[in-house]
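With PDB, C-alpha atoms inside, this is model.pdb:
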```pdb
ATOM      1  CA  MET A   1       0.877   0.156   3.283  1.00  0.00           C
ATOM      2  CA  ASP A   2       3.532  -0.618   0.645  1.00  0.00           C
ATOM      3  CA  GLY A   3       5.305   2.614  -0.190  1.00  0.00           C
ATOM      4  CA  VAL A   4       3.563   4.542   2.608  1.00  0.00           C
ATOM      5  CA  ILE A   5       4.332   2.760   5.875  1.00  0.00           C
ATOM      6  CA  ILE A   6       7.139   0.616   4.533  1.00  0.00           C
ATOM      7  CA  ASP A   7       9.371   1.281   1.543  1.00  0.00           C
ATOM      8  CA  SER A   8       8.852  -2.264   0.313  1.00  0.00           C
ATOM      9  CA  ASN A   9       8.407  -1.754  -3.410  1.00  0.00           C
ATOM     10  CA  PRO A  10      12.133  -2.273  -4.182  1.00  0.00           C
ATOM     11  CA  ILE A  11      11.819  -5.700  -2.518  1.00  0.00           C
ATOM     12  CA  HIS A  12       8.558  -6.435  -4.346  1.00  0.00           C
ATOM     13  CA  ARG A  13      10.337  -5.601  -7.627  1.00  0.00           C
ATOM     14  CA  GLN A  14      13.207  -7.906  -6.782  1.00  0.00           C
ATOM     15  CA  VAL A  15      10.940 -10.749  -5.678  1.00  0.00           C
ATOM     16  CA  TRP A  16       8.556 -10.488  -8.639  1.00  0.00           C
ATOM     17  CA  ALA A  17      11.532 -10.699 -11.022  1.00  0.00           C
ATOM     18  CA  LEU A  18      12.943 -13.704  -9.154  1.00  0.00           C
ATOM     19  CA  TYR A  19       9.572 -15.458  -8.923  1.00  0.00           C
ATOM     20  CA  ASN A  20       8.651 -14.868 -12.569  1.00  0.00           C
ATOM     21  CA  ARG A  21      12.038 -16.164 -13.690  1.00  0.00           C
ATOM     22  CA  ARG A  22      11.054 -19.591 -12.341  1.00  0.00           C
ATOM     23  CA  PHE A  23       8.425 -19.697 -15.073  1.00  0.00           C
ATOM     24  CA  GLY A  24      10.535 -18.245 -17.867  1.00  0.00           C
ATOM     25  CA  ILE A  25       8.989 -14.766 -17.607  1.00  0.00           C
ATOM     26  CA  ASP A  26      11.287 -11.785 -18.046  1.00  0.00           C
ATOM     27  CA  THR A  27       9.944  -9.016 -15.779  1.00  0.00           C
ATOM     28  CA  ASP A  28      10.654  -5.800 -17.666  1.00  0.00           C
ATOM     29  CA  GLU A  29      10.332  -2.253 -16.345  1.00  0.00           C
ATOM     30  CA  ASP A  30       6.890  -1.742 -17.866  1.00  0.00           C
ATOM     31  CA  MET A  31       5.615  -4.771 -15.943  1.00  0.00           C
ATOM     32  CA  GLN A  32       7.182  -3.498 -12.731  1.00  0.00           C
ATOM     33  CA  GLN A  33       5.493  -0.123 -13.151  1.00  0.00           C
ATOM     34  CA  ARG A  34       2.115  -1.806 -13.652  1.00  0.00           C
ATOM     35  CA  MET A  35       2.536  -3.635 -10.335  1.00  0.00           C
ATOM     36  CA  TYR A  36       2.367  -0.558  -8.107  1.00  0.00           C
ATOM     37  CA  GLY A  37      -0.812  -0.192  -6.060  1.00  0.00           C
ATOM     38  CA  ARG A  38      -2.600  -3.192  -7.564  1.00  0.00           C
ATOM     39  CA  ARG A  39      -4.094  -6.280  -5.922  1.00  0.00           C
ATOM     40  CA  ASN A  40      -2.181  -9.533  -6.307  1.00  0.00           C
ATOM     41  CA  ASP A  41      -4.793 -11.341  -8.389  1.00  0.00           C
ATOM     42  CA  GLU A  42      -4.625  -8.552 -10.982  1.00  0.00           C
ATOM     43  CA  ILE A  43      -0.813  -8.636 -11.012  1.00  0.00           C
ATOM     44  CA  VAL A  44      -0.628 -12.421 -11.382  1.00  0.00           C
ATOM     45  CA  ARG A  45      -3.061 -12.431 -14.316  1.00  0.00           C
ATOM     46  CA  ASP A  46      -1.160  -9.557 -15.913  1.00  0.00           C
ATOM     47  CA  PHE A  47       2.222 -11.272 -15.549  1.00  0.00           C
ATOM     48  CA  SER A  48       1.231 -14.920 -16.073  1.00  0.00           C
ATOM     49  CA  GLY A  49      -1.782 -14.785 -18.378  1.00  0.00           C
ATOM     50  CA  GLU A  50      -5.570 -14.834 -18.284  1.00  0.00           C
ATOM     51  CA  HIS A  51      -5.648 -18.614 -18.787  1.00  0.00           C
ATOM     52  CA  LEU A  52      -4.962 -19.303 -15.100  1.00  0.00           C
ATOM     53  CA  THR A  53      -7.751 -20.621 -12.896  1.00  0.00           C
ATOM     54  CA  GLN A  54      -8.679 -18.712  -9.759  1.00  0.00           C
ATOM     55  CA  ASP A  55      -6.966 -21.377  -7.628  1.00  0.00           C
ATOM     56  CA  GLU A  56      -3.793 -21.056  -9.697  1.00  0.00           C
ATOM     57  CA  VAL A  57      -3.879 -17.271  -9.348  1.00  0.00           C
ATOM     58  CA  ARG A  58      -4.188 -17.582  -5.569  1.00  0.00           C
ATOM     59  CA  ALA A  59      -1.385 -20.156  -5.410  1.00  0.00           C
ATOM     60  CA  HIS A  60       1.004 -18.005  -7.429  1.00  0.00           C
ATOM     61  CA  GLY A  61       0.180 -14.934  -5.359  1.00  0.00           C
ATOM     62  CA  ALA A  62       0.653 -16.775  -2.073  1.00  0.00           C
ATOM     63  CA  ALA A  63       3.976 -18.277  -3.177  1.00  0.00           C
ATOM     64  CA  LYS A  64       5.337 -14.924  -4.292  1.00  0.00           C
ATOM     65  CA  GLU A  65       4.301 -13.258  -1.025  1.00  0.00           C
ATOM     66  CA  ARG A  66       5.917 -15.989   1.078  1.00  0.00           C
ATOM     67  CA  LEU A  67       9.144 -15.238  -0.780  1.00  0.00           C
ATOM     68  CA  PHE A  68       8.606 -11.499  -0.211  1.00  0.00           C
ATOM     69  CA  ARG A  69       8.102 -11.897   3.553  1.00  0.00           C
ATOM     70  CA  ALA A  70      11.169 -14.109   3.887  1.00  0.00           C
ATOM     71  CA  THR A  71      13.230 -11.559   1.953  1.00  0.00           C
ATOM     72  CA  ILE A  72      12.127  -8.435   3.829  1.00  0.00           C
ATOM     73  CA  ALA A  73      11.887  -9.919   7.348  1.00  0.00           C
ATOM     74  CA  PRO A  74      15.527  -9.275   8.364  1.00  0.00           C
ATOM     75  CA  GLN A  75      15.292  -5.609   7.348  1.00  0.00           C
ATOM     76  CA  ILE A  76      11.692  -4.699   8.111  1.00  0.00           C
ATOM     77  CA  ASN A  77      12.381  -1.960  10.665  1.00  0.00           C
ATOM     78  CA  GLU A  78      15.050  -0.400   8.471  1.00  0.00           C
ATOM     79  CA  ALA A  79      12.602  -0.443   5.555  1.00  0.00           C
ATOM     80  CA  LEU A  80       9.937   1.619   7.343  1.00  0.00           C
ATOM     81  CA  VAL A  81       9.411   4.973   5.654  1.00  0.00           C
ATOM     82  CA  PRO A  82      11.475   7.561   7.593  1.00  0.00           C
ATOM     83  CA  GLY A  83       9.512   9.156  10.409  1.00  0.00           C
ATOM     84  CA  VAL A  84       6.422   6.951  10.095  1.00  0.00           C
ATOM     85  CA  ARG A  85       6.657   5.381  13.554  1.00  0.00           C
ATOM     86  CA  GLU A  86       7.108   8.784  15.176  1.00  0.00           C
ATOM     87  CA  PHE A  87       4.263  10.215  13.078  1.00  0.00           C
ATOM     88  CA  LEU A  88       1.890   7.447  14.164  1.00  0.00           C
ATOM     89  CA  GLU A  89       2.830   7.952  17.809  1.00  0.00           C
ATOM     90  CA  ARG A  90       2.472  11.724  17.538  1.00  0.00           C
ATOM     91  CA  HIS A  91      -1.062  11.337  16.143  1.00  0.00           C
ATOM     92  CA  SER A  92      -2.129   8.311  18.175  1.00  0.00           C
ATOM     93  CA  ASP A  93      -5.019  10.313  19.627  1.00  0.00           C
ATOM     94  CA  ARG A  94      -6.617  10.432  16.157  1.00  0.00           C
ATOM     95  CA  ARG A  95      -8.630   7.688  14.489  1.00  0.00           C
ATOM     96  CA  MET A  96      -6.402   6.064  11.874  1.00  0.00           C
ATOM     97  CA  GLY A  97      -7.034   3.279   9.416  1.00  0.00           C
ATOM     98  CA  LEU A  98      -4.946   1.139   7.115  1.00  0.00           C
ATOM     99  CA  ALA A  99      -6.530   0.543   3.689  1.00  0.00           C
ATOM    100  CA  THR A 100      -4.370  -1.485   1.340  1.00  0.00           C
ATOM    101  CA  ASN A 101      -4.581  -3.732  -1.703  1.00  0.00           C
ATOM    102  CA  ALA A 102      -1.894  -5.888  -0.050  1.00  0.00           C
ATOM    103  CA  GLU A 103      -2.424  -9.536   0.788  1.00  0.00           C
ATOM    104  CA  PRO A 104      -3.860 -10.219   4.281  1.00  0.00           C
ATOM    105  CA  ALA A 105      -0.790 -12.253   5.268  1.00  0.00           C
ATOM    106  CA  ASN A 106       1.472  -9.322   4.394  1.00  0.00           C
ATOM    107  CA  VAL A 107      -0.678  -6.898   6.387  1.00  0.00           C
ATOM    108  CA  GLU A 108      -0.578  -9.200   9.418  1.00  0.00           C
ATOM    109  CA  PHE A 109       3.175  -9.705   8.994  1.00  0.00           C
ATOM    110  CA  LEU A 110       3.953  -5.981   8.876  1.00  0.00           C
ATOM    111  CA  LEU A 111       1.677  -4.923  11.736  1.00  0.00           C
ATOM    112  CA  GLU A 112       2.942  -7.665  14.045  1.00  0.00           C
ATOM    113  CA  THR A 113       6.637  -7.651  13.112  1.00  0.00           C
ATOM    114  CA  ALA A 114       6.972  -3.860  13.177  1.00  0.00           C
ATOM    115  CA  GLN A 115       4.611  -3.599  16.197  1.00  0.00           C
ATOM    116  CA  LEU A 116       2.323  -1.044  14.558  1.00  0.00           C
ATOM    117  CA  ARG A 117      -1.085  -2.646  15.043  1.00  0.00           C
ATOM    118  CA  ARG A 118      -2.076  -0.502  18.029  1.00  0.00           C
ATOM    119  CA  TYR A 119      -2.114   2.656  15.927  1.00  0.00           C
ATOM    120  CA  PHE A 120      -4.911   1.526  13.606  1.00  0.00           C
ATOM    121  CA  GLN A 121      -8.534   1.356  14.634  1.00  0.00           C
ATOM    122  CA  ALA A 122      -9.521  -0.047  11.235  1.00  0.00           C
ATOM    123  CA  VAL A 123      -7.620  -2.345   8.879  1.00  0.00           C
ATOM    124  CA  VAL A 124      -9.046  -3.137   5.442  1.00  0.00           C
ATOM    125  CA  ASP A 125      -7.166  -5.273   2.939  1.00  0.00           C
ATOM    126  CA  GLY A 126      -7.834  -5.857  -0.730  1.00  0.00           C
ATOM    127  CA  HIS A 127      -9.728  -9.073  -0.084  1.00  0.00           C
ATOM    128  CA  GLN A 128     -12.334  -7.368   2.082  1.00  0.00           C
ATOM    129  CA  VAL A 129     -13.729  -5.374  -0.829  1.00  0.00           C
ATOM    130  CA  ARG A 130     -15.177  -6.366  -4.177  1.00  0.00           C
ATOM    131  CA  ASN A 131     -13.364  -3.635  -6.086  1.00  0.00           C
ATOM    132  CA  PRO A 132      -9.664  -2.905  -5.390  1.00  0.00           C
ATOM    133  CA  LYS A 133      -7.998   0.455  -5.955  1.00  0.00           C
ATOM    134  CA  PRO A 134      -8.364   2.577  -8.077  1.00  0.00           C
ATOM    135  CA  HIS A 135     -12.021   2.036  -7.115  1.00  0.00           C
ATOM    136  CA  PRO A 136     -12.847   4.062  -3.957  1.00  0.00           C
ATOM    137  CA  GLU A 137     -14.540   1.176  -2.129  1.00  0.00           C
ATOM    138  CA  ILE A 138     -11.596   0.348   0.145  1.00  0.00           C
ATOM    139  CA  TYR A 139     -11.272   3.927   1.394  1.00  0.00           C
ATOM    140  CA  LEU A 140     -15.003   4.365   1.870  1.00  0.00           C
ATOM    141  CA  ARG A 141     -15.105   1.153   3.901  1.00  0.00           C
ATOM    142  CA  ALA A 142     -12.197   2.304   6.079  1.00  0.00           C
ATOM    143  CA  ALA A 143     -13.876   5.673   6.683  1.00  0.00           C
ATOM    144  CA  ASP A 144     -17.116   3.918   7.636  1.00  0.00           C
ATOM    145  CA  LEU A 145     -15.291   1.687  10.132  1.00  0.00           C
ATOM    146  CA  LEU A 146     -13.619   4.761  11.622  1.00  0.00           C
ATOM    147  CA  GLY A 147     -16.943   6.578  11.850  1.00  0.00           C
ATOM    148  CA  SER A 148     -15.589   9.419   9.718  1.00  0.00           C
ATOM    149  CA  ALA A 149     -17.112  11.267   6.780  1.00  0.00           C
ATOM    150  CA  PRO A 150     -15.005  10.923   3.611  1.00  0.00           C
ATOM    151  CA  ASP A 151     -14.371  14.672   3.405  1.00  0.00           C
ATOM    152  CA  ASP A 152     -12.927  14.566   6.949  1.00  0.00           C
ATOM    153  CA  CYS A 153     -10.295  12.011   5.900  1.00  0.00           C
ATOM    154  CA  VAL A 154      -6.714  12.509   4.768  1.00  0.00           C
ATOM    155  CA  VAL A 155      -5.208   9.656   2.771  1.00  0.00           C
ATOM    156  CA  PHE A 156      -1.469   9.004   2.452  1.00  0.00           C
ATOM    157  CA  GLU A 157      -0.667   7.369  -0.889  1.00  0.00           C
ATOM    158  CA  ASP A 158       2.322   6.594  -3.117  1.00  0.00           C
ATOM    159  CA  SER A 159       0.665   5.030  -6.176  1.00  0.00           C
ATOM    160  CA  VAL A 160      -1.409   6.334  -9.058  1.00  0.00           C
ATOM    161  CA  ALA A 161      -4.150   3.774  -8.377  1.00  0.00           C
ATOM    162  CA  GLY A 162      -4.267   4.729  -4.712  1.00  0.00           C
ATOM    163  CA  ILE A 163      -4.439   8.461  -5.404  1.00  0.00           C
ATOM    164  CA  GLN A 164      -7.236   7.870  -7.896  1.00  0.00           C
ATOM    165  CA  ALA A 165      -9.120   5.795  -5.304  1.00  0.00           C
ATOM    166  CA  ALA A 166      -8.766   8.452  -2.613  1.00  0.00           C
ATOM    167  CA  ARG A 167      -9.857  11.225  -4.964  1.00  0.00           C
ATOM    168  CA  ALA A 168     -12.872   9.197  -6.080  1.00  0.00           C
ATOM    169  CA  ALA A 169     -13.787   8.712  -2.402  1.00  0.00           C
ATOM    170  CA  GLY A 170     -13.835  12.486  -1.897  1.00  0.00           C
ATOM    171  CA  MET A 171     -10.822  12.541   0.427  1.00  0.00           C
ATOM    172  CA  ARG A 172      -7.794  14.794   0.630  1.00  0.00           C
ATOM    173  CA  VAL A 173      -4.514  13.198  -0.389  1.00  0.00           C
ATOM    174  CA  VAL A 174      -0.928  13.475   0.777  1.00  0.00           C
ATOM    175  CA  GLY A 175       1.324  11.919  -1.845  1.00  0.00           C
ATOM    176  CA  LEU A 176       4.580  10.236  -0.851  1.00  0.00           C
ATOM    177  CA  ARG A 177       7.394  10.231  -3.386  1.00  0.00           C
ATOM    178  CA  THR A 178       8.753   6.905  -2.146  1.00  0.00           C
ATOM    179  CA  THR A 179       7.853   4.966  -5.290  1.00  0.00           C
ATOM    180  CA  LEU A 180       7.274   7.514  -8.056  1.00  0.00           C
ATOM    181  CA  ALA A 181       9.139  10.786  -8.597  1.00  0.00           C
ATOM    182  CA  GLU A 182       6.097  12.263 -10.357  1.00  0.00           C
ATOM    183  CA  LEU A 183       2.636  11.884  -8.815  1.00  0.00           C
ATOM    184  CA  PRO A 184      -0.824  12.838 -10.060  1.00  0.00           C
ATOM    185  CA  PRO A 185      -2.183  16.048  -8.475  1.00  0.00           C
ATOM    186  CA  VAL A 186      -2.394  15.765  -4.669  1.00  0.00           C
ATOM    187  CA  ASP A 187      -3.099  18.219  -1.854  1.00  0.00           C
ATOM    188  CA  LEU A 188       0.451  17.897  -0.532  1.00  0.00           C
ATOM    189  CA  ALA A 189       3.484  15.977  -1.793  1.00  0.00           C
ATOM    190  CA  ILE A 190       6.216  14.877   0.617  1.00  0.00           C
ATOM    191  CA  ASP A 191       9.307  12.684   0.523  1.00  0.00           C
ATOM    192  CA  HIS A 192       8.660  11.028   3.911  1.00  0.00           C
ATOM    193  CA  PHE A 193       7.061  11.670   7.300  1.00  0.00           C
ATOM    194  CA  ASN A 194       9.953  13.866   8.424  1.00  0.00           C
ATOM    195  CA  SER A 195       9.229  16.364   5.640  1.00  0.00           C
ATOM    196  CA  PRO A 196       8.929  19.759   7.405  1.00  0.00           C
ATOM    197  CA  GLU A 197       5.833  20.862   5.484  1.00  0.00           C
ATOM    198  CA  LEU A 198       3.682  17.933   6.666  1.00  0.00           C
ATOM    199  CA  GLU A 199       2.747  18.963  10.208  1.00  0.00           C
ATOM    200  CA  PRO A 200       1.918  22.618   9.386  1.00  0.00           C
ATOM    201  CA  TRP A 201      -0.299  21.409   6.524  1.00  0.00           C
ATOM    202  CA  LEU A 202      -2.116  18.945   8.796  1.00  0.00           C
ATOM    203  CA  ALA A 203      -2.571  21.609  11.473  1.00  0.00           C
ATOM    204  CA  GLY A 204      -4.458  23.713   8.951  1.00  0.00           C
ATOM    205  CA  ARG A 205      -6.954  20.954   8.088  1.00  0.00           C
TER     206      ARG A 205
END
```

Let me see the file written as structure tokens.
Amino acid sequence: MDGVIIDSNPIHRQVWALYNRRFGIDTDEDMQQRMYGRRNDEIVRDFSGEHLTQDEVRAHGAAKERLFRATIAPQINEALVPGVREFLERHSDRRMGLATNAEPANVEFLLETAQLRRYFQAVVDGHQVRNPKPHPEIYLRAADLLGSAPDDCVVFEDSVAGIQAARAAGMRVVGLRTTLAELPPVDLAIDHFNSPELEPWLAGR
């Protein structure tokens, strides 16, 4: 979702820095890079320390995401990755799923606010699996809900953890350079959904 459907990682970076500052934490670039593609509980423990209780981890994560949603709400349609809405409409006859480490409230917020829910026959968030990305569980669960074999699936990913998860699930991967200029090996790398090489590549699958 983040970095694939919506180019939200710049806002996540901004909000994490602002939120951490409340607790005297300086969010450096190395911390920001570690945030990409990970589930919130892992990020909170990384940024705030292993001493936190599970309830404290959840509270910090929820507070940060409320701030994120308030920040991105006025610009959500402008923040969609170029061409994604048209791509989803063009392929609406195919079974599509959303598999994301994002918080359930963020998933609900994006799908409802951007009016994208109708395109996805399966939605799996990071709290519906025991093991978040880079473990393949989330993609295997999405494929199962779609009734598709893993090797019939194409995953769109922008993060290292997500690409690793898709590869481990035995799926082909289209990498989006929305978040990282350099990606691990993928089957196709594109800048956005208007990239001219995307549709010919998909037609050959």

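If you measure from each of A:Pro104, A:Gly175, A:Gly97, A:Pro196 to Arg117 (chain A) using all atoms listed in the file, the closest one turns out to be A:Gly97.
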
(message) What's the separation between CA of Val44 (chain A) and CA of Asn131 (chain A), in Å to one decimal place?
(response)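 The value is 16.4 Å.
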
Quick one: 3 Å padding each side, axis-aligned, all listed atoms of region 68-85 of chain A - centre and edge lengths in Å to one decimal, as AutoDock Vina command-line options?
```
--center_x 11.0 --center_y -2.5 --center_z 6.7 --size_x 15.1 --size_y 29.3 --size_z 19.8
```

(request) Pick out the residues sitting within 12 Å of Glu89 (chain A), and hand them over as a ChimeraX atom specification; count only C-alpha atoms, and ignore anything fewer than 5 positions along from it in its own chain. (result) /A:83-84,94-96,115-120,193

(request) Quick one: pull the distance between CA of Arg141 (chain A) and CA of Ala63 (chain A), Å, one decimal. (result)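 A separation of 28.1 Å between them.
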
(message) Could you check the closest approach to His127 (chain A) for each of A:Arg205, A:Thr53, A:Arg38, A:Leu198 and tell me which residue wins, using all atoms listed in the file?
(response)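 Checking each of A:Arg205, A:Thr53, A:Arg38, A:Leu198 against His127 (chain A), counting all atoms listed in the file, the winner is A:Arg38.
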
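Proximity ranking of A:Tyr36, A:Lys133, A:Ala73, A:Asp55 relative to Pro10 (chain A) places A:Tyr36 first, based on all atoms listed in the file.
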
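Taking CA of Gly126 (chain A) and CA of Ile138 (chain A) as endpoints, the distance between them is 7.3 Å.
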
(request) Can you work out which one of A:Asp151, A:Arg130, A:His135, A:Ala114 has the shortest atom-to-atom distance to Leu80 (chain A), counting only C-alpha atoms? (result)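 Ranked by minimum distance to Leu80 (chain A), first place goes to A:Ala114.
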
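Around Gln164 (chain A), within 10 Å and counting only C-alpha atoms, the residues found are Lys133, Pro134, His135, Pro136, Glu157, Ser159, Val160, Ala168, Ala169, Val173, Pro184, Pro185 and Val186 of chain A, once anything fewer than 4 positions away on its own chain is removed.
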
Store the residues picked out above, limited to C-alpha atoms, as a PDB file, in the frame of the given file.
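In the end it all went to out.pdb:
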```
ATOM      1  CA  LYS A 133      -7.998   0.455  -5.955  1.00  0.00           C
ATOM      2  CA  PRO A 134      -8.364   2.577  -8.077  1.00  0.00           C
ATOM      3  CA  HIS A 135     -12.021   2.036  -7.115  1.00  0.00           C
ATOM      4  CA  PRO A 136     -12.847   4.062  -3.957  1.00  0.00           C
ATOM      5  CA  GLU A 157      -0.667   7.369  -0.889  1.00  0.00           C
ATOM      6  CA  SER A 159       0.665   5.030  -6.176  1.00  0.00           C
ATOM      7  CA  VAL A 160      -1.409   6.334  -9.058  1.00  0.00           C
ATOM      8  CA  ALA A 168     -12.872   9.197  -6.080  1.00  0.00           C
ATOM      9  CA  ALA A 169     -13.787   8.712  -2.402  1.00  0.00           C
ATOM     10  CA  VAL A 173      -4.514  13.198  -0.389  1.00  0.00           C
ATOM     11  CA  PRO A 184      -0.824  12.838 -10.060  1.00  0.00           C
ATOM     12  CA  PRO A 185      -2.183  16.048  -8.475  1.00  0.00           C
ATOM     13  CA  VAL A 186      -2.394  15.765  -4.669  1.00  0.00           C
TER      14      VAL A 186
END
```

(request) Determine the nearest neighbour of Gln32 (chain A) from the options A:Ala149, A:Ala203, A:Leu88, A:Leu180, counting only C-alpha atoms. (result)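 Answer, going by the shortest atom-to-atom distance: A:Leu180.
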
(message) Given only C-alpha atoms as the basis, pick out the residue of A:Trp201, A:Ala142, A:Ala17, A:Glu182 nearest to Leu67 (chain A).
(response)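 Residue with the minimum atom-to-atom distance to Leu67 (chain A): A:Ala17.
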
(request) Pick out the residues sitting within 10 Å of Ile6 (chain A), and hand them over as a ChimeraX atom specification; count all atoms listed in the file, and ignore anything fewer than 3 positions along from it in its own chain. (result) /A:1-3,9,76-82,84,110,114,178

(message) Using the chain letters and numbers from this file, what does the PyMOL selection byres ((chain A and resi 13) around 10) select? Give the answer as a PyMOL selection string.
(response) chain A and resi 8-12+14-19+27+29+31-33+35-36+68

Using the structure block above, produce a file of region 174-190 of chain A that contains N, CA and C atoms, as a PDB file, in the first residue's frame.
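Result saved to part-v4.pdb:
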```pdb
ATOM      1  N   VAL A 174       7.058  -6.802  -9.505  1.00  0.00           N
ATOM      2  CA  VAL A 174       7.287  -5.525 -10.164  1.00  0.00           C
ATOM      3  C   VAL A 174       7.698  -4.540  -9.079  1.00  0.00           C
ATOM      4  N   GLY A 175       8.889  -3.982  -9.206  1.00  0.00           N
ATOM      5  CA  GLY A 175       9.384  -3.036  -8.220  1.00  0.00           C
ATOM      6  C   GLY A 175       9.091  -1.605  -8.629  1.00  0.00           C
ATOM      7  N   LEU A 176       8.559  -0.824  -7.695  1.00  0.00           N
ATOM      8  CA  LEU A 176       8.313   0.595  -7.934  1.00  0.00           C
ATOM      9  C   LEU A 176       9.398   1.421  -7.266  1.00  0.00           C
ATOM     10  N   ARG A 177       9.964   2.345  -8.039  1.00  0.00           N
ATOM     11  CA  ARG A 177      11.035   3.196  -7.515  1.00  0.00           C
ATOM     12  C   ARG A 177      10.464   4.467  -6.895  1.00  0.00           C
ATOM     13  N   THR A 178       9.394   4.318  -6.125  1.00  0.00           N
ATOM     14  CA  THR A 178       8.797   5.473  -5.451  1.00  0.00           C
ATOM     15  C   THR A 178       9.549   5.834  -4.174  1.00  0.00           C
ATOM     16  N   THR A 179      10.092   4.823  -3.517  1.00  0.00           N
ATOM     17  CA  THR A 179      10.734   5.019  -2.210  1.00  0.00           C
ATOM     18  C   THR A 179      12.243   4.904  -2.289  1.00  0.00           C
ATOM     19  N   LEU A 180      12.726   3.915  -3.027  1.00  0.00           N
ATOM     20  CA  LEU A 180      14.161   3.646  -3.131  1.00  0.00           C
ATOM     21  C   LEU A 180      14.600   3.731  -4.586  1.00  0.00           C
ATOM     22  N   ALA A 181      15.706   4.411  -4.832  1.00  0.00           N
ATOM     23  CA  ALA A 181      16.236   4.508  -6.201  1.00  0.00           C
ATOM     24  C   ALA A 181      16.801   3.174  -6.661  1.00  0.00           C
ATOM     25  N   GLU A 182      17.373   2.414  -5.723  1.00  0.00           N
ATOM     26  CA  GLU A 182      17.952   1.108  -6.033  1.00  0.00           C
ATOM     27  C   GLU A 182      17.163   0.029  -5.321  1.00  0.00           C
ATOM     28  N   LEU A 183      16.665  -0.954  -6.094  1.00  0.00           N
ATOM     29  CA  LEU A 183      15.878  -2.048  -5.543  1.00  0.00           C
ATOM     30  C   LEU A 183      16.636  -3.358  -5.671  1.00  0.00           C
ATOM     31  N   PRO A 184      16.329  -4.332  -4.809  1.00  0.00           N
ATOM     32  CA  PRO A 184      16.855  -5.684  -5.038  1.00  0.00           C
ATOM     33  C   PRO A 184      16.358  -6.199  -6.391  1.00  0.00           C
ATOM     34  N   PRO A 185      16.926  -7.292  -6.899  1.00  0.00           N
ATOM     35  CA  PRO A 185      16.490  -7.814  -8.198  1.00  0.00           C
ATOM     36  C   PRO A 185      14.980  -8.088  -8.235  1.00  0.00           C
ATOM     37  N   VAL A 186      14.332  -7.580  -9.288  1.00  0.00           N
ATOM     38  CA  VAL A 186      12.901  -7.785  -9.515  1.00  0.00           C
ATOM     39  C   VAL A 186      12.713  -8.204 -10.972  1.00  0.00           C
ATOM     40  N   ASP A 187      11.496  -8.625 -11.314  1.00  0.00           N
ATOM     41  CA  ASP A 187      11.222  -9.029 -12.690  1.00  0.00           C
ATOM     42  C   ASP A 187      11.068  -7.830 -13.613  1.00  0.00           C
ATOM     43  N   LEU A 188      10.583  -6.727 -13.058  1.00  0.00           N
ATOM     44  CA  LEU A 188      10.440  -5.478 -13.802  1.00  0.00           C
ATOM     45  C   LEU A 188      10.497  -4.340 -12.811  1.00  0.00           C
ATOM     46  N   ALA A 189      11.215  -3.278 -13.147  1.00  0.00           N
ATOM     47  CA  ALA A 189      11.281  -2.085 -12.299  1.00  0.00           C
ATOM     48  C   ALA A 189      10.664  -0.914 -13.057  1.00  0.00           C
ATOM     49  N   ILE A 190       9.766  -0.192 -12.385  1.00  0.00           N
ATOM     50  CA  ILE A 190       9.079   0.939 -13.000  1.00  0.00           C
ATOM     51  C   ILE A 190       9.089   2.122 -12.046  1.00  0.00           C
TER      52      ILE A 190
END
```
